[in-house]
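Next comes run06.pdb, a file with PDB, C-alpha atoms.
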ATOM      1  CA  MET P 207     -11.172  24.226 -11.902  1.00  0.00           C
ATOM      2  CA  ASP P 208     -11.307  24.986 -15.602  1.00  0.00           C
ATOM      3  CA  PRO P 209     -11.210  22.139 -18.142  1.00  0.00           C
ATOM      4  CA  GLN P 210      -7.611  22.840 -19.161  1.00  0.00           C
ATOM      5  CA  ARG P 211      -6.374  22.524 -15.550  1.00  0.00           C
ATOM      6  CA  ALA P 212      -8.430  19.347 -15.088  1.00  0.00           C
ATOM      7  CA  GLU P 213      -6.880  17.906 -18.250  1.00  0.00           C
ATOM      8  CA  LEU P 214      -3.417  18.893 -16.999  1.00  0.00           C
ATOM      9  CA  MET P 215      -4.130  17.213 -13.644  1.00  0.00           C
ATOM     10  CA  GLN P 216      -5.231  13.997 -15.379  1.00  0.00           C
ATOM     11  CA  GLN P 217      -2.052  13.997 -17.452  1.00  0.00           C
ATOM     12  CA  ALA P 218       0.013  14.550 -14.298  1.00  0.00           C
ATOM     13  CA  ILE P 219      -1.695  11.625 -12.535  1.00  0.00           C
ATOM     14  CA  GLN P 220      -1.109   9.388 -15.565  1.00  0.00           C
ATOM     15  CA  PHE P 221       2.507  10.547 -15.685  1.00  0.00           C
ATOM     16  CA  LEU P 222       3.038   9.768 -11.996  1.00  0.00           C
ATOM     17  CA  SER P 223       1.291   6.382 -12.284  1.00  0.00           C
ATOM     18  CA  ASP P 224       3.495   5.211 -15.150  1.00  0.00           C
ATOM     19  CA  PRO P 225       5.894   2.422 -14.001  1.00  0.00           C
ATOM     20  CA  GLN P 226       8.787   3.889 -15.996  1.00  0.00           C
ATOM     21  CA  THR P 227       8.261   7.271 -14.356  1.00  0.00           C
ATOM     22  CA  ARG P 228       8.173   5.700 -10.870  1.00  0.00           C
ATOM     23  CA  SER P 229      11.786   4.616 -11.326  1.00  0.00           C
ATOM     24  CA  SER P 230      12.938   8.243 -11.387  1.00  0.00           C
ATOM     25  CA  THR P 231      13.391  10.272  -8.206  1.00  0.00           C
ATOM     26  CA  LEU P 232      10.537  12.269  -6.685  1.00  0.00           C
ATOM     27  CA  VAL P 233      12.507  15.494  -7.149  1.00  0.00           C
ATOM     28  CA  GLN P 234      12.831  14.871 -10.890  1.00  0.00           C
ATOM     29  CA  ARG P 235       9.104  14.150 -11.203  1.00  0.00           C
ATOM     30  CA  ILE P 236       8.180  17.295  -9.279  1.00  0.00           C
ATOM     31  CA  GLN P 237      10.537  19.421 -11.396  1.00  0.00           C
ATOM     32  CA  PHE P 238       8.985  18.015 -14.564  1.00  0.00           C
ATOM     33  CA  LEU P 239       5.460  18.800 -13.332  1.00  0.00           C
ATOM     34  CA  GLU P 240       6.497  22.325 -12.312  1.00  0.00           C
ATOM     35  CA  ALA P 241       7.930  22.845 -15.796  1.00  0.00           C
ATOM     36  CA  ARG P 242       4.552  21.762 -17.206  1.00  0.00           C
ATOM     37  CA  GLY P 243       2.884  24.603 -15.261  1.00  0.00           C
ATOM     38  CA  LEU P 244       1.326  22.843 -12.261  1.00  0.00           C
ATOM     39  CA  THR P 245       1.220  24.560  -8.875  1.00  0.00           C
ATOM     40  CA  ASN P 246       2.608  22.948  -5.715  1.00  0.00           C
ATOM     41  CA  ASP P 247      -0.915  22.186  -4.465  1.00  0.00           C
ATOM     42  CA  GLU P 248      -1.840  20.488  -7.738  1.00  0.00           C
ATOM     43  CA  ILE P 249       1.388  18.490  -7.727  1.00  0.00           C
ATOM     44  CA  THR P 250       0.690  17.317  -4.173  1.00  0.00           C
ATOM     45  CA  ARG P 251      -2.856  16.260  -5.080  1.00  0.00           C
ATOM     46  CA  ALA P 252      -1.577  14.451  -8.189  1.00  0.00           C
ATOM     47  CA  ILE P 253       1.068  12.581  -6.161  1.00  0.00           C
ATOM     48  CA  VAL P 254      -1.499  11.517  -3.557  1.00  0.00           C
ATOM     49  CA  THR P 255      -3.934  10.344  -6.236  1.00  0.00           C
ATOM     50  CA  ALA P 256      -1.220   8.452  -8.126  1.00  0.00           C
ATOM     51  CA  ASN P 257      -0.018   6.767  -4.919  1.00  0.00           C
ATOM     52  CA  GLN P 258      -3.565   5.687  -4.057  1.00  0.00           C
ATOM     53  CA  SER P 259      -4.020   4.179  -7.488  1.00  0.00           C
ATOM     54  CA  ALA P 260      -0.659   2.405  -7.138  1.00  0.00           C
ATOM     55  CA  VAL P 261      -1.683   0.890  -3.787  1.00  0.00           C
ATOM     56  CA  ASN P 262      -5.029  -0.416  -5.129  1.00  0.00           C
ATOM     57  CA  PRO P 263      -4.368  -1.089  -8.825  1.00  0.00           C
ATOM     58  CA  GLY P 264      -7.050  -3.767  -9.183  1.00  0.00           C
ATOM     59  CA  TYR P 265      -9.787  -2.026  -7.239  1.00  0.00           C
ATOM     60  CA  ASN P 266     -12.876  -2.090  -9.374  1.00  0.00           C
ATOM     61  CA  SER P 267     -16.078  -0.070  -9.096  1.00  0.00           C
ATOM     62  CA  TYR P 268     -18.006  -2.905  -7.445  1.00  0.00           C
ATOM     63  CA  GLY P 269     -16.048  -2.534  -4.213  1.00  0.00           C
ATOM     64  CA  SER P 270     -14.087  -5.763  -4.365  1.00  0.00           C
ATOM     65  CA  ALA P 271     -10.338  -5.831  -4.660  1.00  0.00           C
ATOM     66  CA  GLY P 272      -8.725  -7.822  -7.427  1.00  0.00           C
ATOM     67  CA  PRO P 273      -8.349  -7.553 -11.151  1.00  0.00           C
ATOM     68  CA  ALA P 274     -11.506  -6.267 -12.770  1.00  0.00           C
ATOM     69  CA  THR P 275     -12.810  -8.545 -15.512  1.00  0.00           C
ATOM     70  CA  LEU P 276     -15.649  -7.967 -17.887  1.00  0.00           C
ATOM     71  CA  PRO P 277     -18.559 -10.415 -17.769  1.00  0.00           C
ATOM     72  CA  GLY P 278     -17.468 -12.199 -20.945  1.00  0.00           C
ATOM     73  CA  GLN P 279     -13.803 -12.437 -19.960  1.00  0.00           C
ATOM     74  CA  ASN P 280     -12.193 -15.371 -18.249  1.00  0.00           C
ATOM     75  CA  PRO P 281      -9.796 -14.541 -15.426  1.00  0.00           C
ATOM     76  CA  VAL P 282      -6.116 -14.989 -16.172  1.00  0.00           C
ATOM     77  CA  HIS P 283      -4.907 -18.470 -15.227  1.00  0.00           C
ATOM     78  CA  VAL P 284      -1.391 -18.566 -13.845  1.00  0.00           C
ATOM     79  CA  PRO P 285       0.148 -22.045 -14.206  1.00  0.00           C
ATOM     80  CA  TRP P 286       1.825 -23.648 -11.235  1.00  0.00           C
ATOM     81  CA  ASP P 287       5.596 -23.928 -11.159  1.00  0.00           C
ATOM     82  CA  TRP P 288       7.743 -26.289  -9.078  1.00  0.00           C
ATOM     83  CA  ARG P 289       7.514 -24.086  -5.963  1.00  0.00           C
ATOM     84  CA  ASP P 290       3.724 -24.352  -5.919  1.00  0.00           C
ATOM     85  CA  TYR P 291       3.881 -28.134  -6.247  1.00  0.00           C
ATOM     86  CA  PHE P 292       6.519 -28.307  -3.507  1.00  0.00           C
ATOM     87  CA  ILE P 293       4.404 -26.235  -1.116  1.00  0.00           C
ATOM     88  CA  ALA P 294       1.327 -28.341  -1.884  1.00  0.00           C
ATOM     89  CA  ALA P 295       3.288 -31.548  -1.262  1.00  0.00           C
ATOM     90  CA  VAL P 296       4.697 -30.305   2.053  1.00  0.00           C
ATOM     91  CA  VAL P 297       1.315 -29.089   3.290  1.00  0.00           C
ATOM     92  CA  SER P 298      -0.560 -32.228   2.260  1.00  0.00           C
ATOM     93  CA  GLY P 299       2.200 -34.438   3.688  1.00  0.00           C
ATOM     94  CA  SER P 300       2.061 -32.561   6.987  1.00  0.00           C
ATOM     95  CA  VAL P 301      -1.716 -32.904   7.146  1.00  0.00           C
ATOM     96  CA  MET P 302      -1.522 -36.627   6.441  1.00  0.00           C
ATOM     97  CA  LEU P 303       1.209 -37.142   9.042  1.00  0.00           C
ATOM     98  CA  GLY P 304      -0.881 -35.312  11.638  1.00  0.00           C
ATOM     99  CA  ALA P 305      -3.998 -37.326  10.752  1.00  0.00           C
ATOM    100  CA  HIS P 306      -2.036 -40.575  11.030  1.00  0.00           C
ATOM    101  CA  ALA P 307      -0.585 -39.603  14.419  1.00  0.00           C
ATOM    102  CA  ILE P 308      -4.027 -38.701  15.793  1.00  0.00           C
ATOM    103  CA  ALA P 309      -5.588 -41.897  14.414  1.00  0.00           C
ATOM    104  CA  LYS P 310      -2.752 -44.014  15.799  1.00  0.00           C
ATOM    105  CA  LYS P 311      -3.093 -42.472  19.259  1.00  0.00           C
ATOM    106  CA  TYR P 312      -6.892 -42.257  19.631  1.00  0.00           C
ATOM    107  CA  LEU P 313      -8.618 -44.465  17.026  1.00  0.00           C
ATOM    108  CA  PHE P 314      -6.493 -47.570  16.522  1.00  0.00           C
ATOM    109  CA  PRO P 315      -6.457 -48.631  20.217  1.00  0.00           C
ATOM    110  CA  HIS P 316     -10.255 -48.893  20.122  1.00  0.00           C
ATOM    111  CA  LEU P 317     -10.160 -51.084  17.007  1.00  0.00           C
ATOM    112  CA  LYS P 318      -7.829 -53.741  18.457  1.00  0.00           C
ATOM    113  CA  PRO P 319      -9.417 -57.038  19.523  1.00  0.00           C
ATOM    114  CA  PRO P 320      -9.419 -57.662  23.279  1.00  0.00           C
ATOM    115  CA  THR P 321      -6.507 -59.599  24.791  1.00  0.00           C
ATOM    116  CA  LEU P 322      -6.787 -63.212  25.947  1.00  0.00           C
ATOM    117  CA  SER P 323      -6.814 -62.173  29.609  1.00  0.00           C
ATOM    118  CA  ALA P 324      -9.850 -59.948  28.902  1.00  0.00           C
ATOM    119  CA  TYR P 325     -11.648 -62.981  27.440  1.00  0.00           C
ATOM    120  CA  GLU P 326     -10.829 -65.013  30.547  1.00  0.00           C
ATOM    121  CA  ALA P 327     -11.997 -62.218  32.862  1.00  0.00           C
ATOM    122  CA  ASP P 328     -15.320 -62.002  31.009  1.00  0.00           C
ATOM    123  CA  LYS P 329     -15.657 -65.786  31.093  1.00  0.00           C
ATOM    124  CA  GLU P 330     -15.128 -65.867  34.878  1.00  0.00           C
ATOM    125  CA  ALA P 331     -17.589 -63.009  35.377  1.00  0.00           C
ATOM    126  CA  LEU P 332     -20.304 -64.894  33.496  1.00  0.00           C
ATOM    127  CA  ALA P 333     -19.740 -68.223  35.274  1.00  0.00           C
TER     128      ALA P 333
END
Take the structure from the file and write it as structure tokens.
Amino acid sequence: MDPQRAELMQQAIQFLSDPQTRSSTLVQRIQFLEARGLTNDEITRAIVTANQSAVNPGYNSYGSAGPATLPGQNPVHVPWDWRDYFIAAVVSGSVMLGAHAIAKKYLFPHLKPPTLSAYEADKEALA
């Protein structure tokens, strides 16, 4: 492929990857690319490449998914809103309720002092 066609393909991929362009219909995008001089095969390859980049937008060259950050950059911190606090409260409350129920059923009976009749039975056994 000559350099001009490669440049045209890169422009087509950038065009198809643009969020504003994605809002238009596929027919309109294809007609625009045909008017720019791309063949049907090139348009198909550009659409496939643009869709792959849209599916994995944060895929970096190290093989891990997620937003790529430079070594000196800090990752973007998204503050919590009320929904995050609500979910955290429900989850932690559920965990605590479950822990209390398990402790009440299995641990607390072993921590109770023996009854008076148990003392008397032990006393009679020793005498």
Which protein, DNA or RNA residues are at most 9 Å from (1.3, 17.3, -15.7) in the file's coordinates when you count all atoms listed in the file, listed as an mmCIF file with C-alpha atoms, in the frame of the given file?
data_model
loop_
_atom_site.group_PDB
_atom_site.id
_atom_site.type_symbol
_atom_site.label_atom_id
_atom_site.label_comp_id
_atom_site.auth_asym_id
_atom_site.auth_seq_id
_atom_site.Cartn_x
_atom_site.Cartn_y
_atom_site.Cartn_z
ATOM 1 C CA GLU P 213 -6.880 17.906 -18.250
ATOM 2 C CA LEU P 214 -3.417 18.893 -16.999
ATOM 3 C CA MET P 215 -4.130 17.213 -13.644
ATOM 4 C CA GLN P 216 -5.231 13.997 -15.379
ATOM 5 C CA GLN P 217 -2.052 13.997 -17.452
ATOM 6 C CA ALA P 218 0.013 14.550 -14.298
ATOM 7 C CA ILE P 219 -1.695 11.625 -12.535
ATOM 8 C CA GLN P 220 -1.109 9.388 -15.565
ATOM 9 C CA PHE P 221 2.507 10.547 -15.685
ATOM 10 C CA LEU P 222 3.038 9.768 -11.996
ATOM 11 C CA PHE P 238 8.985 18.015 -14.564
ATOM 12 C CA LEU P 239 5.460 18.800 -13.332
ATOM 13 C CA GLU P 240 6.497 22.325 -12.312
ATOM 14 C CA ALA P 241 7.930 22.845 -15.796
ATOM 15 C CA ARG P 242 4.552 21.762 -17.206
ATOM 16 C CA GLY P 243 2.884 24.603 -15.261
ATOM 17 C CA LEU P 244 1.326 22.843 -12.261
ATOM 18 C CA ILE P 249 1.388 18.490 -7.727
ATOM 19 C CA ALA P 252 -1.577 14.451 -8.189
#
In Å, rounded to a single decimal, give me how far atom CA of P:Ser323 is from atom CA of P:Lys310.
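Here the two named atoms are 23.2 Å from each other.
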Report the distance between atom CA of P:Pro209 and atom CA of P:Thr231 in Å, rounded to one decimal place.
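Those two atoms sit 29.1 Å apart.
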Coordinates-based distance that separates atom CA of P:Ile253 from atom CA of P:Leu232 (Å, one decimal):
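Separation between atom CA of P:Leu232 and atom CA of P:Ile253: 9.5 Å.
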Ranking P:Thr250, P:Gln258, P:Pro320, P:Gly299 by minimum distance to P:Ile236 and counting all atoms listed in the file, which one comes first?
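Using all atoms listed in the file, the shortest distance to P:Ile236 belongs to P:Thr250.
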Ranking P:Gln210, P:Val254, P:Val284, P:Gln237 by minimum distance to P:Ser223 and counting only C-alpha atoms, which one comes first?
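Looking only at the distances to P:Ser223, the closest residue turns out to be P:Val254.
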